[in-house]
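Colleague: Pasting run-v9.cif here (mmCIF, C-alpha atoms):
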data_upload
#
loop_
_atom_site.label_atom_id
_atom_site.label_comp_id
_atom_site.auth_asym_id
_atom_site.auth_seq_id
_atom_site.Cartn_x
_atom_site.Cartn_y
_atom_site.Cartn_z
CA MET A 28 -141.64 98.12 -80.76
CA SER A 29 -145.12 97.58 -79.33
CA ARG A 30 -146.41 94.10 -78.63
CA TYR A 31 -149.39 93.01 -80.70
CA ARG A 32 -152.51 92.52 -78.58
CA PRO A 33 -155.33 90.67 -80.28
CA GLY A 34 -158.85 91.87 -79.71
CA PRO A 35 -162.09 89.86 -79.66
CA ALA A 36 -162.31 90.00 -83.45
CA ASP A 37 -158.85 88.54 -83.76
CA ASP A 38 -159.70 85.83 -81.29
CA ARG A 39 -162.74 84.85 -83.35
CA LEU A 40 -160.67 85.00 -86.49
CA VAL A 41 -158.10 82.58 -85.12
CA SER A 42 -160.75 80.21 -83.74
CA GLU A 43 -162.50 80.03 -87.09
CA ALA A 44 -159.27 79.60 -88.98
CA LEU A 45 -158.07 76.79 -86.76
CA ALA A 46 -161.47 75.09 -86.86
CA ALA A 47 -161.40 75.18 -90.64
CA LEU A 48 -157.88 73.72 -90.68
CA ALA A 49 -158.83 71.00 -88.20
CA HIS A 50 -161.91 70.12 -90.24
CA GLU A 51 -159.90 69.95 -93.46
CA THR A 52 -157.29 67.58 -92.05
CA ASP A 53 -159.33 65.49 -89.64
CA ALA A 54 -159.56 62.60 -92.13
CA LEU A 55 -155.80 62.17 -92.39
CA GLU A 56 -154.54 58.74 -91.40
CA ALA A 57 -151.30 56.87 -91.68
CA PRO A 58 -150.97 54.87 -94.91
CA PRO A 59 -151.64 51.10 -94.70
CA ALA A 60 -147.96 50.36 -95.31
CA VAL A 61 -147.17 51.63 -91.81
CA GLU A 62 -149.51 49.08 -90.26
CA ALA A 63 -147.99 46.31 -92.38
CA ARG A 64 -144.47 47.23 -91.27
CA LEU A 65 -145.53 47.43 -87.65
CA ARG A 66 -147.21 44.02 -87.87
CA ALA A 67 -143.96 42.58 -89.20
CA ALA A 68 -142.00 44.27 -86.43
CA PHE A 69 -144.45 42.96 -83.84
CA ARG A 70 -144.10 39.39 -85.11
CA GLN A 71 -140.35 39.68 -85.15
CA ALA A 72 -140.31 41.05 -81.62
CA ASN A 73 -142.49 38.17 -80.45
CA GLY A 74 -140.62 35.48 -82.37
CA VAL A 75 -143.46 34.77 -84.78
CA PRO A 76 -142.18 34.50 -88.37
CA VAL A 77 -145.61 34.59 -89.99
CA ALA A 78 -149.09 35.39 -88.88
CA ALA A 79 -151.18 32.51 -87.64
CA PRO A 80 -153.51 31.46 -90.47
CA SER A 81 -157.20 31.63 -89.91
CA ALA A 82 -159.32 28.57 -89.30
CA ARG A 83 -160.91 29.04 -92.71
CA SER A 84 -157.60 28.93 -94.55
CA ASN A 85 -156.57 25.86 -92.49
CA THR A 86 -159.72 24.05 -93.60
CA TRP A 87 -159.00 24.76 -97.23
CA LYS A 88 -155.42 23.58 -96.85
CA TRP A 89 -156.64 20.27 -95.41
CA VAL A 90 -159.19 19.84 -98.18
CA ALA A 91 -156.53 20.52 -100.81
CA ALA A 92 -154.06 18.11 -99.20
CA VAL A 93 -156.60 15.27 -98.96
CA GLY A 94 -157.65 15.84 -102.57
CA ALA A 95 -154.06 15.79 -103.79
CA ALA A 96 -153.33 12.60 -101.85
CA ALA A 97 -156.40 10.88 -103.27
CA GLY A 98 -155.39 11.90 -106.79
CA LEU A 99 -151.89 10.51 -106.35
CA ILE A 100 -153.23 7.21 -105.05
CA TRP A 101 -155.59 6.89 -108.00
CA VAL A 102 -152.83 7.66 -110.52
CA ALA A 103 -150.51 5.13 -108.91
CA TYR A 104 -153.21 2.45 -108.90
CA ALA A 105 -154.08 3.11 -112.55
CA SER A 106 -150.45 2.94 -113.66
CA MET A 107 -149.94 -0.34 -111.77
CA ARG A 108 -152.89 -1.89 -113.59
CA THR A 109 -151.78 -0.75 -117.04
CA GLN A 110 -148.05 -1.59 -116.84
CA PRO A 111 -146.95 -5.19 -117.47
CA LYS A 112 -145.28 -6.80 -114.51
CA ARG A 113 -141.50 -6.93 -114.85
CA PRO A 114 -140.18 -10.43 -114.42
CA ASP A 115 -137.85 -11.16 -111.57
CA PRO A 116 -134.36 -11.84 -113.02
CA ARG A 117 -133.93 -14.92 -110.87
CA GLU A 118 -137.21 -16.26 -112.20
CA VAL A 119 -135.97 -15.67 -115.74
CA VAL A 120 -132.76 -17.47 -115.04
CA ARG A 121 -134.57 -20.34 -113.39
CA SER A 122 -136.73 -20.77 -116.43
CA GLN A 123 -133.65 -20.84 -118.68
CA GLU A 124 -131.70 -23.04 -116.32
CA PRO A 125 -134.06 -25.83 -115.41
CA GLU A 126 -131.63 -27.66 -113.13
CA PRO A 127 -130.16 -25.22 -110.69
CA THR A 128 -127.60 -26.70 -108.40
CA ILE A 129 -126.63 -23.57 -106.48
CA ALA A 130 -129.16 -21.36 -104.80
CA PRO A 131 -128.97 -17.68 -105.76
CA ARG A 132 -126.98 -15.66 -103.27
CA ALA A 133 -128.11 -12.48 -101.73
CA VAL A 134 -127.10 -9.88 -104.28
CA GLU A 135 -126.45 -7.23 -101.61
CA SER A 136 -123.30 -9.09 -100.53
CA ALA A 137 -121.98 -9.59 -104.03
CA THR A 138 -119.28 -7.40 -105.52
CA PRO A 139 -119.79 -8.13 -109.18
CA ALA A 140 -117.89 -5.36 -110.88
CA PRO A 141 -114.40 -6.17 -109.59
CA VAL A 142 -115.00 -9.82 -110.24
CA ILE A 143 -115.83 -9.13 -113.83
CA ALA A 144 -112.85 -6.86 -114.27
CA ARG A 145 -110.42 -9.32 -112.79
CA GLU A 146 -111.61 -12.35 -114.64
CA THR A 147 -112.02 -10.74 -118.01
CA PRO A 148 -108.80 -9.46 -119.52
CA ARG A 149 -110.61 -9.09 -122.82
CA VAL A 150 -112.95 -6.43 -121.52
CA GLN A 151 -114.30 -4.35 -124.33
CA ARG A 152 -115.77 -0.98 -123.59
CA VAL A 153 -118.94 -0.72 -125.57
CA ALA A 154 -120.31 2.63 -124.55
CA SER A 155 -119.49 5.26 -122.02
CA THR A 156 -121.74 7.73 -120.18
CA ALA A 157 -124.84 6.42 -121.84
CA SER A 158 -127.80 8.47 -120.96
CA ARG A 159 -130.69 7.00 -119.04
CA ARG A 160 -132.92 7.27 -122.09
CA GLU A 161 -130.43 5.46 -124.27
CA VAL A 162 -130.06 2.62 -121.80
CA ARG A 163 -133.80 2.21 -121.55
CA ARG A 164 -134.13 1.98 -125.32
CA PRO A 165 -135.44 -1.48 -126.24
CA ALA A 166 -132.69 -3.95 -126.90
CA PRO A 167 -132.38 -5.69 -130.23
CA PRO A 168 -134.47 -8.83 -130.43
CA ARG A 169 -131.51 -11.17 -130.29
CA VAL A 170 -130.23 -9.74 -127.03
CA GLU A 171 -131.91 -10.19 -123.70
CA ARG A 172 -133.02 -7.30 -121.60
CA PHE A 173 -130.97 -6.04 -118.69
CA GLU A 174 -131.70 -7.74 -115.45
CA PRO A 175 -131.00 -5.82 -112.26
CA LEU A 176 -128.67 -7.29 -109.69
CA TYR A 177 -130.32 -5.31 -106.89
CA PRO A 178 -133.95 -4.83 -106.04
CA GLY A 179 -135.52 -1.80 -107.63
CA ASP A 180 -134.68 0.36 -110.62
CA PRO A 181 -130.98 -0.07 -111.55
CA LEU A 182 -130.96 3.44 -113.05
CA ALA A 183 -132.33 5.16 -110.01
CA ASP A 184 -130.23 8.16 -108.94
CA LEU A 185 -127.80 7.63 -111.81
CA ASP A 186 -126.98 10.33 -114.31
CA ALA A 187 -124.69 8.13 -116.40
CA VAL A 188 -123.64 4.50 -116.59
CA HIS A 189 -120.96 2.51 -118.37
CA LEU A 190 -121.82 -0.47 -120.52
CA MET A 191 -119.06 -3.06 -120.57
CA ARG A 192 -119.09 -6.19 -122.69
CA VAL A 193 -117.26 -8.95 -120.88
CA SER A 194 -116.64 -12.61 -121.29
CA VAL A 195 -116.74 -14.54 -118.05
CA PRO A 196 -116.63 -18.21 -117.16
CA ARG A 197 -120.04 -19.64 -116.68
CA SER A 198 -118.96 -20.66 -113.21
CA ALA A 199 -118.63 -16.97 -112.33
CA LEU A 200 -122.36 -16.51 -112.76
CA GLY A 201 -122.77 -18.01 -109.33
CA SER A 202 -121.16 -15.01 -107.73
CA LEU A 203 -123.72 -12.86 -109.52
CA GLY A 204 -126.60 -14.84 -108.14
CA TRP A 205 -127.26 -17.05 -111.14
CA PRO A 206 -126.97 -20.80 -110.97
CA SER A 207 -124.16 -22.45 -112.83
CA ARG A 208 -123.87 -25.93 -114.18
CA PRO A 209 -120.93 -27.89 -112.86
CA GLY A 210 -120.56 -29.63 -116.18
CA LEU A 211 -120.12 -26.40 -118.11
CA ARG A 212 -117.64 -24.86 -115.74
CA ASP A 213 -115.12 -24.04 -118.51
CA ASP A 214 -117.58 -22.48 -120.89
CA ARG A 215 -117.53 -18.76 -121.22
CA VAL A 216 -120.53 -16.49 -121.35
CA GLU A 217 -120.58 -13.12 -123.06
CA LEU A 218 -122.64 -10.46 -121.38
CA GLU A 219 -122.99 -6.70 -121.04
CA ALA A 220 -122.68 -5.16 -117.63
CA MET A 221 -124.23 -1.86 -116.65
CA VAL A 222 -121.67 -0.26 -114.30
CA GLY A 223 -122.43 2.81 -112.25
CA PRO A 224 -120.01 5.66 -111.57
CA ASP A 225 -119.12 3.99 -108.25
CA GLY A 226 -117.84 0.90 -110.06
CA MET A 227 -120.73 -1.28 -108.94
CA THR A 228 -122.46 -3.38 -111.56
CA ARG A 229 -126.16 -2.60 -111.47
CA ALA A 230 -127.53 -4.90 -114.14
CA VAL A 231 -126.38 -7.39 -116.75
CA ARG A 232 -127.75 -8.87 -119.91
CA PHE A 233 -126.59 -11.97 -121.69
CA ILE A 234 -125.34 -11.74 -125.25
CA SER A 235 -124.74 -15.41 -125.63
CA GLN A 236 -125.23 -18.43 -123.44
CA MET B 1 -166.99 47.35 -81.54
CA GLU B 2 -164.34 50.05 -81.77
CA PRO B 3 -161.94 50.17 -78.82
CA THR B 4 -161.97 53.31 -76.70
CA ASP B 5 -159.22 55.05 -74.76
CA ALA B 6 -160.31 53.10 -71.69
CA ASP B 7 -159.54 49.84 -73.49
CA ALA B 8 -155.95 50.86 -74.12
CA PRO B 9 -154.40 49.33 -70.96
CA GLU B 10 -156.04 45.97 -71.62
CA LEU B 11 -155.00 46.02 -75.29
CA LEU B 12 -151.49 46.96 -74.26
CA ARG B 13 -151.37 44.10 -71.74
CA ARG B 14 -152.45 41.61 -74.41
CA SER B 15 -149.93 43.08 -76.84
CA ALA B 16 -147.20 42.50 -74.29
CA GLU B 17 -148.25 38.84 -74.24
CA GLY B 18 -147.83 38.59 -78.01
CA ASP B 19 -151.43 39.15 -79.10
CA GLU B 20 -150.98 40.72 -82.52
CA GLU B 21 -154.65 41.55 -82.99
CA ALA B 22 -154.64 43.48 -79.71
CA PHE B 23 -151.67 45.47 -80.92
CA VAL B 24 -153.35 46.19 -84.24
CA ALA B 25 -156.53 47.31 -82.45
CA LEU B 26 -154.42 49.61 -80.31
CA TYR B 27 -152.64 50.96 -83.38
CA ARG B 28 -155.85 51.59 -85.27
CA ARG B 29 -157.33 53.39 -82.31
CA PHE B 30 -154.46 55.87 -81.99
CA GLN B 31 -152.64 56.01 -85.32
CA GLY B 32 -154.83 58.70 -86.83
CA GLY B 33 -154.22 61.13 -83.98
CA ILE B 34 -150.48 60.53 -83.95
CA TYR B 35 -150.21 60.83 -87.72
CA ARG B 36 -152.21 64.06 -87.81
CA PHE B 37 -150.20 65.46 -84.92
CA ALA B 38 -146.95 64.72 -86.74
CA TRP B 39 -148.25 65.99 -90.05
CA ARG B 40 -149.58 69.24 -88.57
CA MET B 41 -146.33 69.78 -86.71
CA THR B 42 -143.97 69.05 -89.59
CA GLY B 43 -145.98 69.78 -92.71
CA SER B 44 -144.46 66.66 -94.24
CA ARG B 45 -146.29 63.42 -94.97
CA GLU B 46 -143.04 61.49 -95.07
CA ALA B 47 -142.01 62.76 -91.67
CA ALA B 48 -145.48 62.08 -90.29
CA GLU B 49 -145.32 58.51 -91.56
CA ASP B 50 -141.90 57.96 -90.03
CA VAL B 51 -142.88 59.48 -86.70
CA THR B 52 -146.06 57.38 -86.53
CA GLN B 53 -144.17 54.20 -87.27
CA GLU B 54 -141.39 54.95 -84.80
CA THR B 55 -143.88 55.89 -82.11
CA PHE B 56 -145.61 52.52 -82.29
CA LEU B 57 -142.28 50.74 -82.60
CA VAL B 58 -141.51 52.10 -79.15
CA VAL B 59 -144.70 50.40 -77.98
CA VAL B 60 -143.71 47.16 -79.69
CA ARG B 61 -140.29 47.12 -78.11
CA GLY B 62 -141.38 48.21 -74.66
CA PRO B 63 -145.06 47.62 -74.01
CA ASN B 64 -144.48 47.65 -70.26
CA ARG B 65 -142.98 51.13 -70.22
CA TYR B 66 -146.39 52.75 -70.03
CA ASP B 67 -147.47 53.51 -66.46
CA GLN B 68 -151.22 53.82 -66.22
CA GLY B 69 -150.89 55.72 -62.97
CA ARG B 70 -149.16 58.61 -64.71
CA GLY B 71 -151.90 59.39 -67.17
CA ALA B 72 -153.87 58.18 -70.14
CA PHE B 73 -152.29 56.23 -72.98
CA GLY B 74 -153.06 58.88 -75.62
CA PRO B 75 -150.91 61.64 -74.08
CA TYR B 76 -148.21 59.04 -73.49
CA LEU B 77 -148.13 58.32 -77.22
CA TYR B 78 -148.20 62.02 -78.08
CA GLY B 79 -145.23 62.49 -75.79
CA ILE B 80 -143.30 59.78 -77.62
CA ALA B 81 -144.15 61.30 -80.98
CA ARG B 82 -143.13 64.75 -79.75
CA ASN B 83 -139.76 63.50 -78.57
CA LEU B 84 -139.18 61.75 -81.89
CA MET B 85 -139.99 64.94 -83.78
CA MET B 86 -137.63 66.93 -81.61
CA LYS B 87 -134.87 64.43 -82.39
CA ARG B 88 -135.59 64.68 -86.08
CA ALA B 89 -135.61 68.48 -85.90
CA GLY B 90 -132.24 68.31 -84.21
CA ARG B 91 -130.58 66.31 -86.94
CA GLU B 92 -132.49 67.70 -89.91
CA ARG B 93 -133.47 71.15 -90.92
CA PRO B 94 -136.07 72.85 -88.72
CA PHE B 95 -139.60 71.94 -89.66
CA THR B 96 -140.68 75.55 -89.45
CA THR B 97 -138.79 76.53 -92.56
CA LEU B 98 -141.31 77.25 -95.25
CA GLY B 99 -140.40 77.33 -98.85
CA ASP B 100 -141.51 76.20 -102.26
CA GLU B 101 -140.76 72.60 -101.37
CA GLN B 102 -143.26 72.62 -98.52
CA GLU B 103 -146.04 70.16 -99.14
CA ALA B 104 -149.49 71.49 -99.78
CA LEU B 105 -152.62 70.01 -98.30
CA PRO B 106 -153.28 66.52 -99.61
CA SER B 107 -155.54 66.91 -102.60
CA ALA B 108 -157.37 63.71 -101.80
CA LEU B 109 -158.73 65.02 -98.54
CA ASP B 110 -161.94 66.51 -99.84
CA PRO B 111 -162.18 66.69 -103.61
CA THR B 112 -165.51 68.52 -103.41
CA ALA B 113 -164.15 71.29 -101.24
CA ASP B 114 -164.20 74.71 -102.74
CA LEU B 115 -160.85 75.65 -104.23
CA GLU B 116 -160.86 79.03 -102.57
CA GLN B 117 -161.58 77.49 -99.22
CA ARG B 118 -158.73 75.08 -99.67
CA GLN B 119 -156.42 77.95 -100.50
CA ALA B 120 -157.60 79.79 -97.44
CA VAL B 121 -157.01 76.77 -95.21
CA GLU B 122 -153.57 76.46 -96.72
CA VAL B 123 -152.82 80.00 -95.55
CA VAL B 124 -153.80 79.00 -92.00
CA ARG B 125 -151.73 75.85 -92.14
CA ARG B 126 -148.66 77.74 -93.22
CA ALA B 127 -149.24 80.29 -90.50
CA VAL B 128 -149.31 77.50 -87.92
CA LEU B 129 -146.12 76.00 -89.33
CA THR B 130 -144.30 79.31 -88.92
CA LEU B 131 -145.01 79.39 -85.19
CA PRO B 132 -142.12 78.59 -82.86
CA GLU B 133 -142.17 74.95 -81.93
CA HIS B 134 -143.27 75.36 -78.32
CA TYR B 135 -146.22 77.46 -79.47
CA ARG B 136 -147.01 75.29 -82.41
CA GLU B 137 -147.29 72.11 -80.39
CA VAL B 138 -149.86 73.55 -78.00
CA VAL B 139 -151.89 74.96 -80.89
CA VAL B 140 -151.82 71.62 -82.68
CA LEU B 141 -152.62 69.50 -79.64
CA ALA B 142 -155.23 71.76 -78.05
CA GLU B 143 -156.82 73.48 -81.02
CA LEU B 144 -156.42 71.04 -83.89
CA GLN B 145 -156.29 67.70 -82.09
CA GLY B 146 -158.85 68.78 -79.50
CA LEU B 147 -157.00 67.44 -76.45
CA PRO B 148 -157.92 68.81 -73.00
CA TYR B 149 -155.30 71.10 -71.50
CA GLU B 150 -154.43 68.47 -68.92
CA GLU B 151 -153.57 65.95 -71.62
CA VAL B 152 -151.61 68.55 -73.56
CA ALA B 153 -149.66 69.27 -70.41
CA ALA B 154 -149.01 65.56 -69.89
CA ALA B 155 -147.87 65.13 -73.49
CA ILE B 156 -145.38 67.97 -73.50
CA GLY B 157 -144.40 67.62 -69.87
CA CYS B 158 -145.27 71.02 -68.47
CA PRO B 159 -147.87 72.49 -66.10
CA VAL B 160 -151.36 73.27 -67.36
CA GLY B 161 -150.75 76.95 -66.67
CA THR B 162 -147.86 76.92 -69.10
CA VAL B 163 -150.08 75.37 -71.72
CA ARG B 164 -152.62 78.15 -71.28
CA SER B 165 -150.08 80.93 -71.48
CA ARG B 166 -148.36 79.44 -74.53
CA LEU B 167 -151.67 78.98 -76.24
CA HIS B 168 -152.65 82.57 -75.58
CA ARG B 169 -149.42 83.80 -77.04
CA ALA B 170 -149.64 81.46 -79.98
CA ARG B 171 -153.11 82.65 -80.87
CA ALA B 172 -151.94 86.24 -80.77
CA LEU B 173 -149.13 85.40 -83.18
CA LEU B 174 -151.52 83.60 -85.47
CA ALA B 175 -153.96 86.51 -85.52
CA GLN B 176 -151.13 88.83 -86.35
CA ARG B 177 -149.96 86.67 -89.22
CA LEU B 178 -153.39 85.95 -90.59
CA ARG B 179 -154.25 89.64 -90.71
CA GLY B 180 -150.94 90.55 -92.20
CA ARG B 181 -149.68 93.98 -91.26
CA GLY B 182 -152.95 95.24 -89.88
CA GLY B 183 -154.78 94.81 -93.15
CA ALA B 184 -157.81 92.72 -93.95
CA PRO B 185 -157.77 89.03 -93.03
CA GLN B 186 -156.22 86.98 -95.77
CA TRP B 187 -158.72 84.23 -95.57
CA THR B 188 -161.76 84.92 -93.33
CA ALA B 189 -163.85 86.46 -96.06
CA ARG B 190 -163.84 83.11 -97.84
CA VAL B 191 -163.77 80.58 -95.04
CA VAL B 192 -166.34 82.17 -92.78
CA GLU B 193 -168.83 82.47 -95.59
CA THR B 194 -168.56 78.81 -96.46
CA ALA B 195 -168.42 77.55 -92.88
#
How would this structure read if it were set down as structure tokens?
Modeller:
Amino acid sequence: MSRYRPGPADDRLVSEALAALAHETDALEAPPAVEARLRAAFRQANGVPVAAPSARSNTWKWVAAVGAAAGLIWVAYASMRTQPKRPDPREVVRSQEPEPTIAPRAVESATPAPVIARETPRVQRVASTASRREVRRPAPPRVERFEPLYPGDPLADLDAVHLMRVSVPRSALGSLGWPSRPGLRDDRVELEAMVGPDGMTRAVRFISQ
Amino acid sequence: MEPTDADAPELLRRSAEGDEEAFVALYRRFQGGIYRFAWRMTGSREAAEDVTQETFLVVVRGPNRYDQGRGAFGPYLYGIARNLMMKRAGRERPFTTLGDEQEALPSALDPTADLEQRQAVEVVRRAVLTLPEHYREVVVLAELQGLPYEEVAAAIGCPVGTVRSRLHRARALLAQRLRGRGGAPQWTARVVETA
């Protein structure tokens, strides 16, 4: 079998053929997805989770953050001006009890729920797992509103509360932070206690005085 | 300003320090050549994409492996790509096998190109793909990629004389295949007229 030996015509043929092929495929490039994957690999190799944002995008983030903060401040200020101020429960009590003899105690140290349970064998369960909306429903006109025993919203972070109607000696009001009259020590007061799932009384309202 | 081959060492040094933009500039400078090399060697876009990605992953993982004293960065990358293709060829079917599943030229390359010319170029491409690998790589690097013989030699790790002899033999094989069994050229009548 003889070996093929190309002549000058063959050499020109091959040169032209290869030039045509090179010309036809010279525009080929790797798809953009390859660069994206390599960028991710580069960041991972260099311990950079995300690409550093540009100065332009940083500026816009600052502008957006300042705008959002200003909007929140304005909304908070407007709501404070439109909502009526909630009276302090101790102020309410003071107005109803014109001659306090005992100063209100710090409510943080009080343990009202066990006291109520111990001293009231006639505890009547009024409602269980009342929803927040139901508790916030306006009370009937003859009943006072709930007064918190702790600063702040008594329903904060509570999904459910228990309402317990109890009858306690008027003298026990002192342990709840309300003044009591020495002369009415044997009288009993009927009230509703809002008890959280942890057994702590969060707020009370008086049914009768 | 587009980076040149001379900028490669500096871009590589910055990449090693974690400069992502330097790495991307380096990638954009060399990705086209590596992708075309892989595509012309394998005839597969998927394989070309994988080889390109793996080649630059080697750079990401070991940017300090490149020794400027041993040659330019381009041949270094071609050498990595060549080794990756040889590994793939070892665990997959040989790239030289041509069949109906072989990919044709990408249709998006030049939509205005004459259909007959494209068919003629396809004949040449298939002829190149049927060359033995050691012939094919010198044809692709020297004739299609346009690398100097010295860089081809650096990429495939052989003397320049070997590159010349392989290229001579490869061209003879191509001429034989393009002419068929001594008949008229299968494509020159069309391509030469339109060139």
Colleague: Between atom CA of B:Ile34 and atom CA of B:Arg82, what is the spacing in Å?
Modeller: 9.5 Å
Colleague: What does the PyMOL selection byres ((chain B) within 9 of (chain A)) select in this file, as a PyMOL selection string?
Modeller: chain B and resi 15-18+20+23-24+27-28+31-36+39-40+45+48-50+52-53+56-57+60-61+105-106+109-110+113+117-118+120-122+124-125+128+139-140+143-146+171-176+178-179+185+187-188+191-192+195
Colleague: At most 6 Å from (-143.6, 63.9, -75.0), file frame, all atoms listed in the file: which residues, as a PyMOL selection string?
Modeller: chain B and resi 78-80+82-83+155-156
Colleague: Just C-alpha atoms for this one: save the residues we selected as an mmCIF file, keeping the file's coordinate frame.
Modeller:
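Okay, this is what ended up in again.cif:
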data_model
loop_
_atom_site.group_PDB
_atom_site.id
_atom_site.type_symbol
_atom_site.label_atom_id
_atom_site.label_comp_id
_atom_site.auth_asym_id
_atom_site.auth_seq_id
_atom_site.Cartn_x
_atom_site.Cartn_y
_atom_site.Cartn_z
ATOM 1 C CA TYR B 78 -148.200 62.020 -78.080
ATOM 2 C CA GLY B 79 -145.230 62.490 -75.790
ATOM 3 C CA ILE B 80 -143.300 59.780 -77.620
ATOM 4 C CA ARG B 82 -143.130 64.750 -79.750
ATOM 5 C CA ASN B 83 -139.760 63.500 -78.570
ATOM 6 C CA ALA B 155 -147.870 65.130 -73.490
ATOM 7 C CA ILE B 156 -145.380 67.970 -73.500
#
Colleague: Got a sec: who's within 10 Å of A:Phe233, counting all atoms listed in the file, leaving out chain neighbours fewer than 3 positions off, as a VMD selection string?
Modeller: chain A and resid 169 to 174 192 to 194 216 to 220 236
Colleague: So the first atom is atom CA of B:Lys87 and the second is atom CA of B:Leu12; what is the distance between them in Å, to one decimal place?
Modeller: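 Computed distance, atom CA of B:Lys87 to atom CA of B:Leu12, equals 25.4 Å.
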Colleague: To one decimal place, how far is atom CA of B:Leu77 from atom CA of B:Pro63 in Å?
Modeller: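 It comes out at 11.6 Å.
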Colleague: Using all atoms listed in the file, can you tell me which of B:Thr42, B:Val58, B:Gly71, B:Phe37 comes closest to B:Asp5?
Modeller: B:Gly71
